[in-house]
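J.: Handing over coords_0.csv, CSV, C-alpha atoms.
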```csv
chain,number,residue,atom,x,y,z
A,6,MET,CA,0.0,0.0,0.0
A,7,LYS,CA,1.1,3.5,-0.8
A,8,TYR,CA,1.3,6.3,1.8
A,9,ALA,CA,-1.0,8.5,-0.3
A,10,GLU,CA,-3.7,5.8,-0.1
A,11,GLY,CA,-4.1,6.5,3.6
A,12,PRO,CA,-3.1,3.0,5.0
A,13,SER,CA,-4.7,2.1,8.3
A,14,THR,CA,-4.8,-0.6,10.9
A,15,THR,CA,-7.3,-1.7,13.6
A,16,VAL,CA,-7.2,-3.8,16.7
A,17,GLU,CA,-10.0,-4.7,19.1
A,18,VAL,CA,-10.7,-6.4,22.4
A,19,VAL,CA,-13.8,-7.2,24.4
A,20,ILE,CA,-13.6,-5.9,28.0
A,21,ALA,CA,-15.8,-7.2,30.8
A,22,ALA,CA,-16.3,-3.8,32.5
A,23,PRO,CA,-18.7,-0.9,32.5
A,24,VAL,CA,-18.4,1.4,29.5
A,25,GLU,CA,-17.7,4.4,31.8
A,26,ARG,CA,-14.7,2.7,33.3
A,27,VAL,CA,-13.3,1.9,29.9
A,28,TRP,CA,-14.0,5.4,28.7
A,29,ASP,CA,-12.1,6.9,31.7
A,30,LEU,CA,-9.0,4.8,30.7
A,31,VAL,CA,-9.3,5.7,27.0
A,32,ILE,CA,-9.3,9.4,27.5
A,33,ASP,CA,-6.3,9.3,29.8
A,34,ILE,CA,-3.8,10.5,27.1
A,35,ASP,CA,-0.8,9.5,29.2
A,36,LEU,CA,-2.0,5.9,29.8
A,37,PRO,CA,-0.8,4.3,26.5
A,38,ALA,CA,2.8,5.1,27.5
A,39,ARG,CA,2.5,2.2,30.0
A,40,PHE,CA,2.0,-0.3,27.2
A,41,SER,CA,3.5,1.2,24.0
A,42,GLU,CA,7.2,0.8,23.0
A,43,GLU,CA,7.0,4.1,21.1
A,44,PHE,CA,4.6,6.5,22.9
A,45,GLN,CA,6.4,8.0,25.9
A,46,GLY,CA,3.6,10.1,27.3
A,47,GLY,CA,1.2,13.0,26.7
A,48,ARG,CA,0.0,16.1,28.4
A,49,TRP,CA,-2.9,18.5,27.7
A,50,ILE,CA,-2.0,21.8,26.2
A,51,ASP,CA,-5.7,23.0,26.5
A,52,ASP,CA,-8.3,22.0,29.0
A,53,GLY,CA,-9.1,18.5,28.0
A,54,PRO,CA,-10.3,16.1,27.2
A,55,ALA,CA,-12.7,18.0,25.0
A,56,LEU,CA,-13.5,18.5,21.3
A,57,ASN,CA,-10.8,20.6,19.6
A,58,ALA,CA,-8.5,20.5,22.7
A,59,ARG,CA,-4.8,20.0,22.0
A,60,PHE,CA,-2.3,17.7,23.6
A,61,ALA,CA,1.4,17.1,23.2
A,62,GLY,CA,2.7,13.6,22.8
A,63,ARG,CA,6.2,12.4,23.3
A,64,ASN,CA,7.5,9.5,21.2
A,65,HIS,CA,10.7,7.5,20.7
A,66,HIS,CA,11.7,5.2,17.8
A,67,PRO,CA,15.1,3.6,17.4
A,68,ALA,CA,15.3,4.7,13.8
A,69,ARG,CA,14.2,8.3,14.4
A,70,GLY,CA,15.1,9.1,18.0
A,71,GLU,CA,12.8,11.3,20.1
A,72,TRP,CA,10.2,13.8,19.0
A,73,GLU,CA,7.1,15.6,20.2
A,74,THR,CA,3.9,16.2,18.3
A,75,THR,CA,0.8,18.3,18.9
A,76,SER,CA,-2.6,16.5,18.4
A,77,TYR,CA,-6.1,17.9,18.0
A,78,VAL,CA,-9.2,16.2,19.4
A,79,THR,CA,-11.4,15.7,16.3
A,80,ARG,CA,-14.2,13.6,17.9
A,81,PHE,CA,-15.3,13.5,21.5
A,82,GLU,CA,-18.4,11.5,22.2
A,83,PRO,CA,-18.4,10.3,25.8
A,84,ASN,CA,-18.5,6.5,26.2
A,85,ARG,CA,-18.5,6.1,22.4
A,86,CYS,CA,-15.6,7.7,20.5
A,87,PHE,CA,-12.3,9.6,21.2
A,88,ALA,CA,-10.3,10.6,18.1
A,89,TRP,CA,-7.4,12.9,17.3
A,90,ALA,CA,-5.4,14.2,14.4
A,91,VAL,CA,-1.6,14.6,14.7
A,92,THR,CA,0.2,17.8,13.7
A,93,ASP,CA,-2.5,19.4,11.5
A,94,PRO,CA,-6.3,18.7,11.8
A,95,GLU,CA,-6.8,19.4,8.1
A,96,ARG,CA,-3.9,17.3,6.8
A,97,PRO,CA,-2.7,15.1,9.7
A,98,SER,CA,0.5,13.1,9.7
A,99,ALA,CA,-1.7,10.4,11.3
A,100,SER,CA,-5.2,10.0,12.7
A,101,TRP,CA,-6.1,7.9,15.7
A,102,ARG,CA,-9.4,6.8,17.2
A,103,PHE,CA,-10.9,4.7,20.0
A,104,ASP,CA,-14.4,3.4,19.5
A,105,LEU,CA,-16.4,1.9,22.4
A,106,THR,CA,-19.5,-0.3,21.7
A,107,GLU,CA,-21.5,-1.7,24.6
A,108,GLU,CA,-22.2,-5.4,24.3
A,109,PRO,CA,-23.8,-7.9,26.7
A,110,GLY,CA,-21.4,-8.3,29.5
A,111,GLY,CA,-19.0,-5.5,28.5
A,112,VAL,CA,-17.5,-3.3,25.9
A,113,LEU,CA,-15.9,-3.9,22.5
A,114,LEU,CA,-13.0,-1.5,22.4
A,115,ARG,CA,-11.5,-0.8,19.0
A,116,GLN,CA,-8.5,1.3,18.2
A,117,TRP,CA,-7.8,2.5,14.7
A,118,ALA,CA,-4.9,4.5,13.2
A,119,GLN,CA,-4.3,5.9,9.7
A,120,LEU,CA,-1.1,7.2,8.2
A,121,GLY,CA,-1.2,10.6,6.4
A,122,PRO,CA,-2.3,12.3,4.3
A,123,GLY,CA,0.1,15.0,5.5
A,124,PRO,CA,3.8,14.5,5.7
A,125,SER,CA,5.2,12.4,8.6
A,126,GLY,CA,8.4,10.8,9.9
A,127,LEU,CA,8.0,8.3,7.0
A,128,THR,CA,8.1,11.0,4.3
A,129,PRO,CA,12.0,11.3,4.2
A,130,ALA,CA,12.4,7.5,4.1
A,131,ILE,CA,9.9,7.2,1.3
A,132,GLU,CA,11.4,10.0,-0.7
A,133,ALA,CA,14.9,8.5,-0.3
A,134,MET,CA,13.8,5.0,-1.3
A,135,PRO,CA,10.6,5.3,-3.4
A,136,ASP,CA,11.0,1.7,-4.6
A,137,LYS,CA,10.7,0.5,-1.0
A,138,GLU,CA,7.6,2.6,-0.1
A,139,GLU,CA,5.2,-0.4,0.3
A,140,ARG,CA,7.6,-2.2,2.6
A,141,ILE,CA,8.2,1.0,4.6
A,142,VAL,CA,4.5,1.6,5.0
A,143,ALA,CA,3.8,-2.1,5.9
A,144,ARG,CA,6.5,-2.1,8.5
A,145,ARG,CA,5.2,1.1,10.1
A,146,LEU,CA,1.6,-0.2,10.2
A,147,GLU,CA,2.9,-3.4,11.9
A,148,GLU,CA,4.7,-1.3,14.5
A,149,HIS,CA,1.5,0.7,15.1
A,150,ARG,CA,-0.6,-2.5,15.3
A,151,ARG,CA,1.7,-4.1,17.8
A,152,ASN,CA,1.7,-1.0,20.1
A,153,MET,CA,-2.1,-0.6,19.7
A,154,GLN,CA,-2.7,-4.2,20.6
A,155,ALA,CA,-0.6,-3.9,23.7
A,156,THR,CA,-2.5,-0.7,24.6
A,157,VAL,CA,-6.0,-2.2,24.2
A,158,GLU,CA,-4.9,-5.3,26.1
A,159,GLY,CA,-3.5,-3.1,28.9
A,160,ILE,CA,-6.7,-1.1,29.1
A,161,LYS,CA,-8.6,-4.4,29.3
A,162,GLU,CA,-6.5,-5.6,32.2
A,163,LEU,CA,-6.9,-2.3,34.1
A,164,ALA,CA,-10.6,-2.0,33.4
A,165,GLU,CA,-11.4,-5.6,34.4
A,166,SER,CA,-9.2,-5.5,37.5
A,167,ALA,CA,-11.1,-2.4,38.7
A,168,THR,CA,-14.5,-4.1,38.2
A,169,PRO,CA,-16.0,-5.5,41.4
A,170,ALA,CA,-16.8,-9.2,41.3
A,171,SER,CA,-20.5,-9.9,40.9
```
Reformat the file's structure so that it appears as structure tokens.

T.:
Amino acid sequence: MKYAEGPSTTVEVVIAAPVERVWDLVIDIDLPARFSEEFQGGRWIDDGPALNARFAGRNHHPARGEWETTSYVTRFEPNRCFAWAVTDPERPSASWRFDLTEEPGGVLLRQWAQLGPGPSGLTPAIEAMPDKEERIVARRLEEHRRNMQATVEGIKELAESATPAS
């Protein structure tokens, strides 16, 4: 897949906990740092979480080093959806979203991420090696998928351990 095509990846997990508990974990922008190999933490720039609020995220990758981004909350529907765009809300370098769907006995938590359409850390590598673009994109999506899976599994563990036994 080419970067310009907006490649994306999705992971999901079913959590045996109330939707409100899962939501509280999802909107904690610093929490994924506990589970991700790349995301190092976040802090609100504006009063958040809220629609259009900004937050700074710190990241580290062995091939790129450390960097910080500003993200913009693009959807904020309590107990349903929390989404943000990285760098530029109109042409983000990446877009991310958590969707929560109540199910009998719990919540289906889905995390989705899309690369582009704006320039990102991948842009210089793709420009330097255009013949390897599909491999570069596939590898980046796999890194995201792995960190996302660790994040939703971590949220599941925290949400379920906080749920009183019936």

J.: Could you pull the residues within 12 Å of range 42-58 of chain A, counting only C-alpha atoms, minus those fewer than 5 positions along the same chain, as a ChimeraX atom specification?

T.: /A:28-37,63-83,86-90,93-94,145,148-156

J.: Would you mind reading off the distance between CA of Arg140 in chain A and CA of Trp117 in chain A, one decimal, in Å?

T.: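 Pair CA of Arg140 in chain A / CA of Trp117 in chain A returns 20.1 Å.
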
J.: Considering all atoms listed in the file, state which residue in the set A:Glu147, A:Glu95, A:Glu139, A:Glu108 is at the smallest distance from Ala9 in chain A.

T.: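 Going through A:Glu147, A:Glu95, A:Glu139, A:Glu108 one by one, the smallest distance to Ala9 in chain A is for A:Glu139.
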
J.: Of the residues A:Ala61, A:Ala133, A:Leu105, A:Ile141, which is the one nearest to Arg26 in chain A, using all atoms listed in the file?

T.: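 Of the candidates, the smallest distance to Arg26 in chain A is held by A:Leu105.
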
J.: Distance CA of Asp104 in chain A-CA of Ala118 in chain A, one decimal place?

T.: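 CA of Asp104 in chain A sits 11.5 Å away from CA of Ala118 in chain A.
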
J.: Looking at A:Ala130, A:Ala99, A:Leu120, A:Leu114, which one is nearest to Val27 in chain A, with distances taken over only C-alpha atoms?

T.: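 So, comparing all the options, the nearest one is A:Leu114.
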
J.: Using all atoms listed in the file, pick whichever of A:Asn84, A:Gln119, A:Val142, A:Lys7 has the shortest atom-to-atom distance to Ser100 in chain A.

T.: A:Gln119

J.: Can you work out which one of A:Leu146, A:Val91, A:Val18, A:Val112 has the shortest atom-to-atom distance to Ser125 in chain A, counting all atoms listed in the file?

T.: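 Answer, going by the shortest atom-to-atom distance: A:Val91.
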
J.: Rounded to one decimal, what separation in Å do you get between CA of Gly111 in chain A and CA of Ala21 in chain A?

T.: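 Spanning CA of Gly111 in chain A to CA of Ala21 in chain A is a straight-line distance of 4.3 Å.
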